[in-house]
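Only one structure is covered here, and it is reproduced in the block below.
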Amino acid sequence: MTFETFKDLIPKIEKMSVPGESSHYIMAPEVRLNELNRLKIEEKNPRNAAVMMLFYPKKAISHFALILRPEYEGVHSGQVALPGGKVEAFDLNYTETALRETQEEVGVPTDAVTVLKSLTRVYIPPSNFWVHPFLGFAEQRPNFIIQEEEVAKVIEVPLFELLNEANVITKKMTTSYAKNIEVPSFELNGYVVWGATAMMLSELKMLLKTSMEL
């Protein structure tokens with residue numbers, strides 16, 4: 001999809017309701033759904049974070065940015081994620097968190113991003129976070145500057161890869177909540193994307209596909 005075609009969809013996207021949690025479930029293993037159904041999340045006093053689904057043109061083609069987390073002692077070591085991070089006390093709202101963290105992690109200035117809308121939050125049991133995703137775009141391909149403590153690499157994904165059903169796969173893996181289970185995943189730009197990031201991208205995919213049909 002060209003970036004101009006993506007921009008033509010923006011008025012529709014802004015008016016549409018987001019697909020909601022049902023779109024997340026498409027990319028969630030059954031054991032995770034069972035865990036989420038039995039959890040009383042608010043009793044766990046979860047922290048909040050926000051992430052950015054950032055679209056931009058690269059050689060006139062629509063791309064969005066993912067990041068590869070470095071290897072470290074933690075539950076999200078080496079995983080593919082969206083740029084973002086936890087809410088700080090000085091953030092005015094979740095939008096500001098997503099913009100600030102995107103600038104800190106991958107060097108995209110906050111004033112270069114137009115935020116279109118918020119999508120449905122996702123709870124992450126291992127780290128006890130509510131993650132609030134936002135959809136935004138930049139008019140030009142950013143000059144990515146990574147924060148090496150948080151980001152090993154920026155992964156630039158052509159939008160058509162997300163929309164291509166052939167890139168929805170199932171992988172056997174061991175997660176923080178189960179061993180050797182079948183996990184729905186996206187294969188994007190040579191990387192396997194699963195978990196909360198895949199759940200958020202599933203909603204984005206459904207939103208975009210619906211806007212294209214209108």
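Letters A, B, ... go to the chains of the structure tokens in the order shown; residues in each chain start at 1; ligands are counted from 1 in the same order.
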Contacts of A:Ile155 at 10 Å or less, counting only C-alpha atoms, minus same-chain residues fewer than 3 places along, as a compact mmCIF listing (two decimals) with C-alpha atoms, in the first residue's frame?
```
# COMPACT_ATOMS: atom_id res chain seq x y z
CA HIS A 63 5.62 1.19 6.68
CA PHE A 64 5.26 1.00 10.45
CA ALA A 65 7.94 0.65 13.10
CA LEU A 66 8.51 -2.22 15.49
CA ILE A 67 11.46 -2.60 17.83
CA LEU A 68 13.56 -5.55 18.91
CA VAL A 80 9.59 -7.72 19.19
CA ALA A 81 7.47 -4.84 20.47
CA LEU A 82 5.99 -1.48 19.59
CA ALA A 152 18.47 -3.42 19.87
CA PRO A 158 5.75 -2.71 5.06
CA LEU A 188 6.88 -9.74 9.72
CA ASN A 189 10.09 -8.73 8.01
CA GLY A 190 11.66 -12.02 9.07
CA TYR A 191 10.69 -11.67 12.75
```
Strand (DSSP E or B) per DSSP on the backbone: members of chain A, as a ChimeraX atom specification: /A:2,47-58,61-68,80-81,84-86,114-118,122-124,129-137,153-158,168-173,181-188,191-193
Using 12 Å as the limit and counting only C-alpha atoms, can you tabulate each residue of stretch 141-184 of chain A that touches stretch 112-116 of chain A, with its shortest atom-to-atom distance in Å and the two atoms involved, as CSV?
```
residue,atom,partner,partner_atom,distance
A:Arg141,CA,A:Ala112,CA,10.1
A:Pro142,CA,A:Ala112,CA,8.5
A:Asn143,CA,A:Ala112,CA,11.0
```
Just N, CA, C and O atoms for this one: save the residues we selected as a compact mmCIF listing (two decimals), in the first residue's frame.
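Writing done, so here's selection-v4.txt:
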```txt
# COMPACT_ATOMS: atom_id res chain seq x y z
N ARG A 141 9.79 9.59 6.44
CA ARG A 141 10.46 8.51 7.17
C ARG A 141 11.35 9.12 8.25
O ARG A 141 12.20 9.97 7.97
N PRO A 142 11.17 8.71 9.51
CA PRO A 142 11.97 9.28 10.58
C PRO A 142 13.45 8.89 10.46
O PRO A 142 13.80 7.86 9.89
N ASN A 143 14.29 9.72 11.03
CA ASN A 143 15.70 9.39 11.20
C ASN A 143 15.83 8.68 12.55
O ASN A 143 16.01 9.32 13.58
```
Spatial neighbours of A:Pro11, max dist 10 Å, only C-alpha atoms, sep filter under 4 positions, as a list in words: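 Answer for this query is Lys7, Lys15, Met16, Leu116 and Ser211 of chain A.
When atom CA of A:Leu163 is paired with atom CA of A:Ala50, their separation reads 23.3 Å.
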Residue contacts of A:Glu42 (12 Å, only C-alpha atoms) excluding same-chain residues fewer than 2 positions away, as a ChimeraX atom specification: /A:36,39-40,44-48,123,125,128-130
